[in-house]
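Peer 1: I'm passing along work-v4.txt; it holds compact mmCIF, C-alpha atoms.
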```
# COMPACT_ATOMS: atom_id res chain seq x y z
CA MET A 1 -43.32 -8.26 -115.37
CA LYS A 2 -43.29 -8.81 -111.64
CA THR A 3 -44.84 -11.85 -110.11
CA LEU A 4 -46.65 -11.40 -106.82
CA VAL A 5 -45.69 -14.07 -104.36
CA THR A 6 -48.38 -14.95 -101.87
CA PRO A 7 -46.89 -15.67 -98.47
CA PRO A 8 -47.51 -19.22 -97.33
CA PRO A 9 -50.10 -19.78 -94.65
CA PRO A 10 -48.78 -20.16 -91.10
CA PRO A 11 -47.71 -23.69 -90.31
CA PRO A 12 -50.01 -25.82 -88.14
CA ALA A 13 -47.46 -25.77 -85.34
CA ARG A 14 -47.66 -21.97 -85.16
CA LEU A 15 -51.45 -22.10 -85.06
CA ARG A 16 -51.32 -24.67 -82.28
CA ASP A 17 -48.92 -22.51 -80.29
CA ALA A 18 -51.17 -19.48 -80.73
CA LEU A 19 -54.21 -21.50 -79.66
CA ARG A 20 -52.40 -22.85 -76.60
CA ALA A 21 -51.28 -19.35 -75.63
CA SER A 22 -54.83 -18.06 -75.96
CA LEU A 23 -56.22 -20.90 -73.86
CA ARG A 24 -53.51 -20.33 -71.26
CA THR A 25 -54.39 -16.63 -71.11
CA LEU A 26 -58.08 -17.46 -70.77
CA GLY A 27 -57.40 -19.99 -68.02
CA THR A 28 -55.33 -17.47 -66.09
CA ALA A 29 -58.06 -14.85 -66.46
CA LEU A 30 -60.76 -17.29 -65.30
CA GLY A 31 -58.70 -18.11 -62.22
CA THR A 32 -58.19 -14.42 -61.32
CA PRO A 33 -61.24 -13.04 -59.50
CA THR A 34 -62.20 -9.42 -60.03
CA GLU A 35 -63.40 -6.88 -57.52
CA PRO A 36 -67.16 -6.56 -56.91
CA GLY A 37 -68.69 -4.28 -59.50
CA ALA A 38 -65.86 -4.80 -61.99
CA PRO A 39 -66.54 -6.77 -65.20
CA LEU A 40 -65.64 -10.45 -65.25
CA LEU A 41 -62.13 -11.15 -66.60
CA ALA A 42 -61.28 -7.43 -66.19
CA GLN A 43 -57.80 -8.39 -64.96
CA ALA A 44 -56.88 -10.17 -68.19
CA GLY A 45 -54.04 -8.65 -70.16
CA SER A 46 -55.62 -9.47 -73.53
CA ARG A 47 -58.40 -7.20 -74.78
CA PRO A 48 -60.27 -10.03 -76.56
CA VAL A 49 -60.36 -11.98 -73.29
CA ARG A 50 -61.71 -8.93 -71.44
CA LEU A 51 -64.47 -8.57 -74.03
CA LEU A 52 -65.37 -12.27 -73.94
CA PRO A 53 -67.97 -12.00 -71.11
CA TYR A 54 -69.83 -9.28 -73.00
CA VAL A 55 -69.77 -11.33 -76.20
CA VAL A 56 -71.13 -14.41 -74.42
CA ALA A 57 -73.84 -12.40 -72.61
CA VAL A 58 -75.01 -10.65 -75.79
CA ALA A 59 -75.01 -13.94 -77.69
CA LEU A 60 -77.14 -15.63 -75.00
CA VAL A 61 -79.64 -12.77 -74.83
CA ALA A 62 -79.84 -12.42 -78.63
CA SER A 63 -80.53 -16.14 -79.08
CA LEU A 64 -82.64 -16.94 -76.01
CA LEU A 65 -84.94 -13.90 -75.96
CA PRO A 66 -86.73 -14.45 -79.31
CA VAL A 67 -86.75 -18.23 -78.86
CA THR A 68 -88.29 -17.91 -75.38
CA VAL A 69 -91.02 -15.55 -76.63
CA THR A 70 -91.82 -17.87 -79.52
CA VAL A 71 -91.91 -21.04 -77.44
CA LEU A 72 -93.97 -19.52 -74.60
CA ALA A 73 -96.50 -17.96 -76.95
CA GLY A 74 -96.65 -20.76 -79.55
CA ASP A 75 -96.03 -24.01 -77.68
CA TYR A 76 -97.10 -23.19 -74.14
CA GLN A 77 -99.94 -20.91 -75.37
CA VAL A 78 -99.07 -18.06 -73.01
CA ASN A 79 -100.45 -14.58 -73.74
CA GLY A 80 -98.08 -12.74 -76.11
CA ALA A 81 -97.51 -9.72 -73.89
CA LEU A 82 -96.94 -11.91 -70.84
CA ALA A 83 -94.64 -14.16 -72.83
CA GLY A 84 -92.59 -11.15 -73.92
CA ALA A 85 -92.35 -9.83 -70.35
CA LEU A 86 -91.31 -13.23 -68.95
CA ALA A 87 -88.76 -13.80 -71.71
CA THR A 88 -87.22 -10.38 -71.16
CA ALA A 89 -87.01 -10.87 -67.39
CA GLN A 90 -85.48 -14.34 -67.81
CA THR A 91 -82.81 -13.39 -70.37
CA ALA A 92 -82.00 -9.65 -70.39
CA PRO A 93 -80.41 -9.66 -66.88
CA LEU A 94 -77.68 -11.90 -68.31
CA LEU A 95 -76.09 -8.63 -69.47
CA LEU A 96 -76.03 -7.48 -65.84
CA ALA A 97 -74.31 -10.73 -64.87
CA VAL A 98 -71.09 -9.51 -66.49
CA THR A 99 -70.58 -7.03 -63.63
CA ARG A 100 -73.09 -8.06 -60.92
CA PRO A 101 -73.87 -11.77 -61.31
CA LEU A 102 -75.52 -12.23 -57.90
CA GLN A 103 -77.98 -9.39 -58.50
CA ALA A 104 -78.72 -10.85 -61.93
CA TRP A 105 -79.40 -14.22 -60.27
CA TRP A 106 -82.03 -12.70 -58.01
CA ILE A 107 -83.84 -11.16 -60.99
CA ILE A 108 -83.61 -14.21 -63.23
CA GLY A 109 -84.43 -16.62 -60.40
CA THR A 110 -87.56 -14.65 -59.53
CA ALA A 111 -88.58 -14.47 -63.19
CA ASP A 112 -88.06 -18.24 -63.60
CA VAL A 113 -90.27 -18.97 -60.57
CA LEU A 114 -92.98 -16.62 -61.87
CA GLY A 115 -92.72 -18.25 -65.28
CA ALA A 116 -93.20 -21.70 -63.73
CA LEU A 117 -96.32 -20.43 -61.93
CA VAL A 118 -97.68 -18.95 -65.16
CA LEU A 119 -97.05 -22.20 -67.02
CA LEU A 120 -98.78 -24.10 -64.24
CA GLY A 121 -102.08 -22.60 -65.46
CA ALA A 122 -101.27 -22.59 -69.16
CA ASP A 123 -103.11 -24.86 -71.59
CA GLY A 124 -100.15 -25.87 -73.71
CA VAL A 125 -97.88 -27.52 -71.14
CA GLY A 126 -98.96 -31.08 -71.90
CA ASP A 127 -95.85 -33.25 -72.24
CA ARG A 128 -93.51 -30.27 -72.45
CA SER A 129 -90.84 -29.43 -69.87
CA TRP A 130 -92.02 -27.93 -66.59
CA PRO A 131 -91.33 -26.10 -64.28
CA TRP A 132 -88.26 -25.03 -66.29
CA THR A 133 -88.17 -24.66 -70.04
CA PRO A 134 -85.06 -25.66 -72.04
CA MET A 135 -84.28 -21.95 -72.60
CA ILE A 136 -84.30 -21.38 -68.84
CA VAL A 137 -81.81 -24.24 -68.36
CA VAL A 138 -79.40 -22.81 -70.95
CA GLY A 139 -79.63 -19.25 -69.63
CA TYR A 140 -79.40 -20.37 -66.00
CA LEU A 141 -76.22 -22.36 -66.62
CA GLY A 142 -74.64 -19.33 -68.31
CA LEU A 143 -75.63 -17.28 -65.27
CA MET A 144 -74.09 -19.88 -62.94
CA LEU A 145 -70.83 -19.58 -64.82
CA ALA A 146 -70.69 -15.87 -63.96
CA VAL A 147 -71.79 -16.42 -60.36
CA GLY A 148 -69.21 -19.15 -59.81
CA LEU A 149 -66.38 -16.93 -61.05
CA ARG A 150 -67.26 -14.10 -58.68
CA GLU A 151 -68.92 -15.24 -55.44
CA PRO A 152 -67.41 -17.10 -52.46
CA ARG A 153 -68.08 -20.78 -51.78
CA ARG A 154 -70.74 -20.13 -49.12
CA THR A 155 -72.78 -18.01 -51.52
CA LEU A 156 -72.45 -20.62 -54.26
CA LEU A 157 -73.72 -23.31 -51.90
CA GLY A 158 -76.73 -21.13 -51.04
CA VAL A 159 -77.51 -20.50 -54.72
CA TRP A 160 -77.31 -24.21 -55.48
CA LEU A 161 -79.57 -25.18 -52.58
CA VAL A 162 -82.14 -22.50 -53.47
CA THR A 163 -82.18 -23.81 -57.03
CA GLY A 164 -82.82 -27.33 -55.83
CA ALA A 165 -85.43 -26.19 -53.29
CA ALA A 166 -87.38 -24.26 -55.94
CA GLY A 167 -87.45 -27.26 -58.25
CA GLY A 168 -88.41 -29.58 -55.39
CA ALA A 169 -91.26 -27.26 -54.36
CA PHE A 170 -92.75 -27.36 -57.86
CA GLU A 171 -92.39 -31.14 -57.86
CA VAL A 172 -94.54 -31.23 -54.74
CA ILE A 173 -97.08 -28.82 -56.25
CA SER A 174 -97.68 -30.84 -59.42
CA GLN A 175 -95.99 -34.20 -59.90
CA ARG A 176 -98.15 -34.84 -62.96
CA ARG A 177 -96.71 -31.90 -64.88
CA SER A 178 -93.10 -32.32 -63.73
CA ASP A 179 -90.82 -34.24 -66.10
CA GLY A 180 -87.67 -34.26 -63.96
CA ILE A 181 -86.01 -31.28 -65.64
CA HIS A 182 -85.61 -29.63 -62.24
CA VAL A 183 -83.33 -32.52 -61.21
CA LEU A 184 -81.27 -32.04 -64.37
CA LEU A 185 -80.92 -28.31 -63.69
CA PHE A 186 -79.98 -28.99 -60.06
CA VAL A 187 -77.22 -31.41 -61.06
CA LEU A 188 -75.85 -29.26 -63.89
CA THR A 189 -75.89 -26.18 -61.67
CA GLY A 190 -73.83 -28.01 -59.04
CA VAL A 191 -71.32 -29.16 -61.66
CA VAL A 192 -70.87 -25.66 -63.13
CA LEU A 193 -70.56 -24.02 -59.72
CA LEU A 194 -68.06 -26.66 -58.55
CA LEU A 195 -65.88 -26.31 -61.63
CA THR A 196 -65.84 -22.51 -61.62
CA ALA A 197 -65.23 -22.32 -57.86
CA THR A 198 -62.38 -24.82 -58.14
CA LEU A 199 -60.83 -22.86 -61.00
CA ARG A 200 -61.10 -19.58 -59.11
CA GLU A 201 -59.72 -21.01 -55.86
CA ARG A 202 -56.84 -22.60 -57.73
CA GLY A 203 -56.03 -19.20 -59.21
CA ASP A 204 -56.24 -17.67 -55.73
CA ALA A 205 -53.83 -20.27 -54.38
CA GLN A 206 -51.34 -19.71 -57.20
CA ARG A 207 -51.52 -15.95 -56.75
CA ARG A 208 -50.98 -16.20 -52.99
CA LEU A 209 -48.05 -18.57 -53.59
CA ALA A 210 -46.50 -16.09 -56.04
CA GLU A 211 -46.95 -13.26 -53.53
CA GLN A 212 -45.39 -15.37 -50.78
CA GLU A 213 -42.44 -16.23 -53.02
CA THR A 214 -41.97 -12.53 -53.76
CA ILE A 215 -42.04 -11.72 -50.05
CA SER A 216 -39.63 -14.59 -49.32
CA GLU A 217 -37.25 -13.41 -52.02
CA ALA A 218 -37.28 -9.87 -50.62
CA GLU A 219 -36.72 -11.23 -47.12
CA ARG A 220 -33.84 -13.38 -48.37
CA ALA A 221 -32.24 -10.38 -50.03
CA ARG A 222 -32.66 -8.34 -46.83
CA ARG A 223 -31.19 -11.13 -44.69
CA THR A 224 -28.26 -11.50 -47.08
CA LEU A 225 -27.61 -7.78 -46.88
CA LEU A 226 -27.68 -7.80 -43.09
CA GLU A 227 -25.39 -10.84 -42.91
CA GLU A 228 -22.91 -9.20 -45.24
CA ARG A 229 -22.91 -6.00 -43.21
CA ALA A 230 -22.33 -7.99 -40.04
CA ARG A 231 -19.45 -9.80 -41.71
CA ILE A 232 -17.90 -6.52 -42.81
CA ALA A 233 -18.23 -5.22 -39.25
CA ARG A 234 -16.47 -8.32 -37.90
CA GLU A 235 -13.63 -7.95 -40.38
CA LEU A 236 -13.20 -4.24 -39.75
CA HIS A 237 -12.94 -4.94 -36.04
CA ASP A 238 -9.61 -6.63 -36.60
CA VAL A 239 -8.40 -3.71 -38.70
CA VAL A 240 -9.50 -1.01 -36.27
CA ALA A 241 -8.44 -2.99 -33.18
CA HIS A 242 -4.84 -3.01 -34.39
CA HIS A 243 -4.71 0.79 -34.64
CA MET A 244 -6.50 1.24 -31.31
CA SER A 245 -3.97 -1.06 -29.67
CA VAL A 246 -1.13 0.98 -31.11
CA ILE A 247 -2.70 4.16 -29.74
CA THR A 248 -3.07 2.58 -26.32
CA VAL A 249 0.57 1.42 -26.20
CA GLN A 250 1.90 4.76 -27.42
CA ALA A 251 -0.22 6.73 -24.94
CA ASP A 252 0.87 4.49 -22.03
CA SER A 253 4.54 4.60 -22.93
CA ALA A 254 4.75 8.31 -23.84
CA PRO A 255 5.49 9.53 -20.30
CA TYR A 256 8.43 7.12 -20.13
CA ARG A 257 9.74 7.80 -23.63
CA ILE A 258 9.51 11.59 -23.52
CA GLU A 259 11.44 13.38 -20.80
CA GLY A 260 10.30 16.53 -19.10
CA LEU A 261 6.57 16.12 -19.80
CA PRO A 262 4.42 18.42 -17.68
CA GLU A 263 1.87 16.84 -15.39
CA ALA A 264 -1.02 18.04 -17.55
CA ALA A 265 0.44 16.22 -20.57
CA ARG A 266 0.93 13.04 -18.55
CA GLU A 267 -2.71 13.15 -17.47
CA GLU A 268 -3.76 13.75 -21.08
CA PHE A 269 -1.85 10.69 -22.26
CA THR A 270 -3.39 8.66 -19.43
CA THR A 271 -6.86 9.80 -20.50
CA ILE A 272 -6.12 8.88 -24.14
CA ALA A 273 -4.93 5.40 -23.14
CA ALA A 274 -8.00 4.83 -20.93
CA ALA A 275 -10.37 5.94 -23.72
CA ALA A 276 -8.62 3.67 -26.21
CA ARG A 277 -8.86 0.68 -23.86
CA GLU A 278 -12.52 1.42 -23.22
CA SER A 279 -13.16 1.59 -26.97
CA LEU A 280 -11.44 -1.75 -27.46
CA THR A 281 -13.58 -3.28 -24.71
CA GLU A 282 -16.78 -1.96 -26.31
CA MET A 283 -15.70 -3.25 -29.71
CA ARG A 284 -15.08 -6.71 -28.28
CA ARG A 285 -18.52 -6.72 -26.68
CA LEU A 286 -20.06 -5.78 -30.02
CA LEU A 287 -18.02 -8.45 -31.77
CA VAL A 288 -19.44 -11.14 -29.46
CA VAL A 289 -22.90 -10.22 -30.78
CA LEU A 290 -21.84 -10.07 -34.41
CA ARG A 291 -19.78 -13.24 -34.55
CA SER A 292 -21.61 -16.35 -35.63
CA GLU A 293 -20.93 -19.73 -34.09
CA GLY A 294 -17.84 -21.39 -35.41
CA ALA A 295 -16.31 -18.09 -36.55
CA GLU A 296 -13.25 -18.30 -34.32
CA GLY A 297 -10.97 -18.39 -37.35
CA GLU A 298 -12.02 -14.87 -38.28
CA ARG A 299 -9.87 -13.47 -35.47
CA ALA A 300 -6.85 -14.05 -37.68
CA PRO A 301 -5.35 -10.95 -39.36
CA GLN A 302 -7.49 -9.82 -42.26
CA PRO A 303 -6.05 -10.24 -45.78
CA GLY A 304 -5.23 -7.47 -48.21
CA LEU A 305 -3.92 -6.84 -51.70
CA ASP A 306 -0.65 -8.55 -50.81
CA ARG A 307 -2.54 -11.86 -50.98
CA VAL A 308 -4.31 -11.29 -54.33
CA GLN A 309 -1.52 -13.26 -56.04
CA GLN A 310 -2.54 -16.30 -53.99
CA LEU A 311 -6.16 -15.92 -55.13
CA VAL A 312 -5.14 -15.84 -58.78
CA GLU A 313 -2.90 -18.90 -58.35
CA ALA A 314 -5.76 -20.81 -56.68
CA THR A 315 -8.02 -19.86 -59.57
CA VAL A 316 -5.50 -21.17 -62.09
CA ARG A 317 -5.29 -24.45 -60.17
CA ALA A 318 -9.09 -24.67 -60.42
CA GLY A 319 -8.83 -24.78 -64.22
CA VAL A 320 -9.48 -21.10 -64.97
CA PRO A 321 -6.71 -19.39 -66.99
CA ALA A 322 -6.18 -16.16 -65.06
CA GLU A 323 -3.56 -13.45 -65.15
CA LEU A 324 -2.80 -10.65 -62.70
CA SER A 325 -1.58 -7.12 -63.25
CA LEU A 326 -0.44 -5.60 -59.95
CA PRO A 327 1.95 -2.66 -59.47
CA ALA A 328 5.12 -3.41 -57.57
CA GLU A 329 4.47 -0.48 -55.24
CA LEU A 330 0.90 0.55 -54.49
CA GLY A 331 1.83 3.07 -51.84
CA PRO A 332 -0.11 3.52 -48.61
CA VAL A 333 -3.59 1.92 -48.79
CA PRO A 334 -6.10 2.39 -45.95
CA PRO A 335 -6.84 -0.89 -44.16
CA ALA A 336 -10.58 -0.75 -45.02
CA VAL A 337 -9.81 -0.22 -48.72
CA ASP A 338 -7.14 -2.92 -48.66
CA LEU A 339 -9.55 -5.46 -47.18
CA SER A 340 -12.44 -4.43 -49.43
CA ALA A 341 -10.32 -4.71 -52.58
CA TYR A 342 -9.18 -8.20 -51.58
CA ARG A 343 -12.76 -9.35 -50.90
CA ILE A 344 -14.00 -7.92 -54.21
CA VAL A 345 -11.32 -9.83 -56.14
CA GLN A 346 -12.04 -12.95 -54.12
CA GLU A 347 -15.79 -12.85 -54.79
CA ALA A 348 -15.32 -12.00 -58.48
CA LEU A 349 -12.94 -14.92 -59.04
CA ALA A 350 -15.23 -17.24 -57.07
CA ASN A 351 -18.11 -16.26 -59.38
CA VAL A 352 -15.96 -17.04 -62.43
CA VAL A 353 -15.19 -20.51 -61.08
CA ARG A 354 -18.87 -21.14 -60.26
CA HIS A 355 -20.59 -19.69 -63.31
CA ALA A 356 -17.97 -19.53 -66.09
CA PRO A 357 -15.54 -22.43 -65.61
CA GLY A 358 -12.63 -22.35 -68.00
CA ALA A 359 -13.21 -18.71 -68.99
CA PRO A 360 -10.00 -16.68 -69.47
CA THR A 361 -9.87 -14.07 -66.71
CA ARG A 362 -7.83 -10.94 -66.19
CA VAL A 363 -7.35 -9.20 -62.82
CA SER A 364 -5.77 -5.76 -62.65
CA VAL A 365 -5.18 -3.39 -59.75
CA THR A 366 -4.09 0.18 -60.50
CA VAL A 367 -3.83 3.51 -58.70
CA THR A 368 -4.87 6.66 -60.58
CA ASP A 369 -5.92 10.08 -59.35
CA GLY A 370 -6.00 9.06 -55.73
CA ARG A 371 -8.24 6.06 -56.38
CA LEU A 372 -7.60 2.35 -56.33
CA THR A 373 -9.16 0.62 -59.35
CA VAL A 374 -9.88 -3.10 -59.17
CA LEU A 375 -10.88 -4.71 -62.47
CA VAL A 376 -11.85 -8.37 -62.98
CA VAL A 377 -12.89 -9.33 -66.51
CA ASN A 378 -13.67 -12.85 -67.71
CA GLY A 379 -14.58 -14.18 -71.12
CA PRO A 380 -17.36 -16.66 -71.95
CA SER A 381 -17.29 -20.07 -70.33
CA GLU A 382 -15.52 -22.78 -72.30
CA GLN A 383 -17.15 -25.69 -70.45
CA GLY A 384 -20.77 -24.52 -70.32
CA GLY A 385 -21.26 -25.75 -66.77
CA SER A 386 -20.44 -25.01 -63.20
CA PRO A 387 -18.53 -27.22 -60.84
CA ARG A 388 -20.03 -28.42 -57.65
CA GLY A 389 -18.71 -27.82 -54.18
CA ARG A 390 -16.74 -24.96 -52.66
CA SER A 391 -14.85 -22.68 -54.95
CA PRO A 392 -11.06 -23.10 -54.70
CA VAL A 393 -10.65 -19.35 -54.23
CA GLU A 394 -12.75 -19.47 -51.08
CA PRO A 395 -10.88 -20.93 -48.14
CA PRO A 396 -13.11 -22.51 -45.51
CA GLY A 397 -14.80 -19.85 -43.44
CA SER A 398 -13.71 -16.94 -45.65
CA GLY A 399 -16.09 -16.88 -48.59
CA THR A 400 -19.22 -14.78 -48.27
CA GLY A 401 -21.34 -16.46 -50.89
CA HIS A 402 -23.29 -13.22 -51.32
CA GLY A 403 -21.86 -12.15 -54.67
CA LEU A 404 -22.64 -8.65 -55.86
CA VAL A 405 -24.44 -7.79 -52.61
CA GLY A 406 -21.21 -8.04 -50.65
CA MET A 407 -19.27 -6.11 -53.31
CA ARG A 408 -21.74 -3.23 -53.25
CA GLU A 409 -21.69 -3.04 -49.46
CA ARG A 410 -17.89 -2.95 -49.34
CA VAL A 411 -17.70 -0.28 -52.03
CA ARG A 412 -20.35 1.76 -50.22
CA LEU A 413 -18.36 1.41 -46.99
CA THR A 414 -15.32 3.12 -48.54
CA GLY A 415 -17.27 5.68 -50.58
CA GLY A 416 -16.30 4.19 -53.93
CA THR A 417 -18.19 3.10 -57.03
CA LEU A 418 -18.93 -0.33 -58.50
CA ASP A 419 -19.69 -1.14 -62.14
CA THR A 420 -20.74 -4.70 -63.04
CA GLY A 421 -22.42 -6.25 -66.04
CA PRO A 422 -22.22 -8.74 -68.91
CA LEU A 423 -20.02 -8.16 -71.94
CA PRO A 424 -21.07 -8.52 -75.60
CA ASP A 425 -18.93 -11.64 -76.05
CA GLY A 426 -20.71 -13.43 -73.19
CA GLY A 427 -18.21 -12.59 -70.47
CA PHE A 428 -18.61 -10.48 -67.35
CA ARG A 429 -16.92 -7.38 -65.95
CA VAL A 430 -16.47 -6.18 -62.36
CA ALA A 431 -14.89 -2.75 -61.89
CA ALA A 432 -14.52 -1.10 -58.48
CA ARG A 433 -13.02 2.32 -57.82
CA LEU A 434 -12.10 2.87 -54.19
CA PRO A 435 -10.79 6.18 -52.78
CA LEU A 436 -7.45 5.93 -51.02
CA THR A 437 -8.69 8.49 -48.51
CA VAL A 438 -11.69 7.00 -46.71
CA LYS A 439 -14.23 9.71 -45.85
CA GLU A 440 -15.80 9.87 -42.44
CA PRO A 441 -19.51 8.94 -42.52
CA ALA A 442 -21.89 11.88 -42.27
```
Output the structure of this file as structure tokens.

Peer 2:
Amino acid sequence: MKTLVTPPPPPPARLRDALRASLRTLGTALGTPTEPGAPLLAQAGSRPVRLLPYVVAVALVASLLPVTVTVLAGDYQVNGALAGALATAQTAPLLLAVTRPLQAWWIIGTADVLGALVLLGADGVGDRSWPWTPMIVVGYLGLMLAVGLREPRRTLLGVWLVTGAAGGAFEVISQRRSDGIHVLLFVLTGVVLLLTATLRERGDAQRRLAEQETISEAERARRTLLEERARIARELHDVVAHHMSVITVQADSAPYRIEGLPEAAREEFTTIAAAARESLTEMRRLLVVLRSEGAEGERAPQPGLDRVQQLVEATVRAGVPAELSLPAELGPVPPAVDLSAYRIVQEALANVVRHAPGAPTRVSVTVTDGRLTVLVVNGPSEQGGSPRGRSPVEPPGSGTGHGLVGMRERVRLTGGTLDTGPLPDGGFRVAARLPLTVKEPA
């Protein structure tokens, strides 16, 4: 015989969390204005929250309509048909307030004024509330909640002043019948409109702040990309300038090194040397624009794979166990690929020191199928923190600080591929494949 086990009820903590989440969702929806003509809270992600305005409106109409008819006909001794018409006009438009609260206010406000005029001549007013009945106060406050969540501050101020002016006018008409309920409605209306307007404007401010942060983040990413491209251009200047200088020297010295050159060949070499010098001059002019202040040290020869061993040793001194696998002979490597590979290793090791201190790291450089493969793999951090200050693998003035952005730009420059991502054990992997024959840009 099997015994059915009833699951225990959810713990109070879980119920509290669910209630807090629901209230947070409702608060966010109340602070998010909808477009004119759209239902209130239409932007909410939760379906129950989107249906809440309809539920409240139906509940108000279903409760206020019969009570208003009964009170007007029984207590205030208004004609039954007239009582039914006034009650319908004062309550039914609350359904319209879900989508068009200002239009509903015009209808209900007019019906309330007409009702006050009808009650002015009724026999059953006596000591009862006038010019507004208690049902009018309840319905009007519900209407103000909808108006405050939709309309701008200037409109809300106008609605509040019209409400007070209407009550004040009836006070002037008959002070004997008035019991001060118009003052109560005026005060409560101001409170509701102030609270709803404040809630909506706070939501507007938070939304604008989030949009501005998104724009700022995109602008930061764009600026970082441009800075990294400018840095790559500065570094490549040194690489290209060396080859252009060699061309210039060879073209100038060719007529003296090679005997029996025809005059046409001498002129050709002179033209080549002049073009090379002009190119160098233009590159230097461009470099003046690209160089940032204090970047004089970047005119030093750019590093390559022959200095990767120094990076690994600096990483080990920083407390990160790292090992290097580098072939004894890599063969000819284009200067752009050589520089890009060095920078990729430098940035990858710098990220390990920053974000995974103490993680065992492996660096390998291989050549297969005409491609240079750079692989940097680190395990999970053993210290669970990141040191402060400059990374030891970044000499002053050489680190980019742009992480994966710089890696992608350098790989794109050489026509290679980059694969990065976390590992199942909590580590991280950076793999770059760079062609040893750099293609000319299209």

Peer 1: Neighbours of Gly167 in chain A within 9 Å (all atoms listed in the file; same-chain residues fewer than 2 positions away dropped), as a PyMOL selection string?

Peer 2: chain A and resi 131-132+162-165+169-172+181-183+185-186

Peer 1: Restricting the calculation to all atoms listed in the file: of A:Ala38, A:Leu404, A:Leu86, A:Leu330, which residue gets closest to Ala350 in chain A?

Peer 2: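 The answer is A:Leu404, which sits nearest to Ala350 in chain A.
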
Peer 1: Taking (-85.0, -21.9, -66.4) in the coordinates of the supplied file, I want to know which residues reach to within 9 Å of it, counting all atoms listed in the file; could you give the answer as a list in words?

Peer 2: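 Counting all atoms listed in the file, I find these residues within 9 Å of (-85.0, -21.9, -66.4): Gln90, Ile108, Gly109, Ala111, Asp112, Val113, Gly115, Ala116, Pro131, Trp132, Thr133, Pro134, Met135, Ile136, Val137, Val138, Gly139, Tyr140, Leu141, His182 and Leu185 of chain A.
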
Peer 1: Distance CA of Leu326 in chain A-CA of Val374 in chain A, one decimal place?

Peer 2: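 Pair CA of Leu326 in chain A / CA of Val374 in chain A returns 9.8 Å.
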
Peer 1: With only C-alpha atoms as the counted atoms, please give the residues lying no more than 12 Å from Arg223 in chain A, apart from itself and same-chain residues fewer than 6 positions off, as a PyMOL selection string.

Peer 2: chain A and resi 216-217+229-230+402+405

Peer 1: Within 8 Å of (2.1, 7.2, -17.5) in the file's own coordinates, which protein, DNA or RNA residues have an atom, counting only C-alpha atoms? List them as a PDB file with C-alpha atoms, in the coordinates of the input.

Peer 2:
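part01.pdb written:
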```pdb
ATOM      1  CA  ALA A 251      -0.220   6.730 -24.940  1.00  0.00           C
ATOM      2  CA  ASP A 252       0.870   4.490 -22.030  1.00  0.00           C
ATOM      3  CA  SER A 253       4.540   4.600 -22.930  1.00  0.00           C
ATOM      4  CA  ALA A 254       4.750   8.310 -23.840  1.00  0.00           C
ATOM      5  CA  PRO A 255       5.490   9.530 -20.300  1.00  0.00           C
ATOM      6  CA  TYR A 256       8.430   7.120 -20.130  1.00  0.00           C
ATOM      7  CA  ARG A 266       0.930  13.040 -18.550  1.00  0.00           C
ATOM      8  CA  GLU A 267      -2.710  13.150 -17.470  1.00  0.00           C
ATOM      9  CA  PHE A 269      -1.850  10.690 -22.260  1.00  0.00           C
ATOM     10  CA  THR A 270      -3.390   8.660 -19.430  1.00  0.00           C
TER      11      THR A 270
END
```

Peer 1: When you draw a straight line from CA of Pro303 in chain A to CA of Ser381 in chain A, how long is it in Å?

Peer 2: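 Between these atoms lies a distance of 28.7 Å.
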
Peer 1: Just how far from CA of Thr420 in chain A is CA of Val345 in chain A, in Å to one decimal?

Peer 2: 12.8 Å

Peer 1: Counting only C-alpha atoms, which of A:Gly421, A:Ala146, A:Thr224, A:Ser63 gets nearest to Thr189 in chain A?

Peer 2: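 Distance minimum relative to Thr189 in chain A lands on A:Ala146.
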
Peer 1: Residues near Val377 in chain A, anyone? I mean within 10 Å using only C-alpha atoms, not counting same-chain ones fewer than 5 positions away, as a PyMOL selection string.

Peer 2: chain A and resi 322+348-349+352+359-364+420+422-423+427-431

Peer 1: Please determine, counting all atoms listed in the file, which residue among A:Asp123, A:Glu259, A:Asp75, A:Glu409 has the shortest atom-to-atom distance to Arg231 in chain A.

Peer 2: A:Glu409
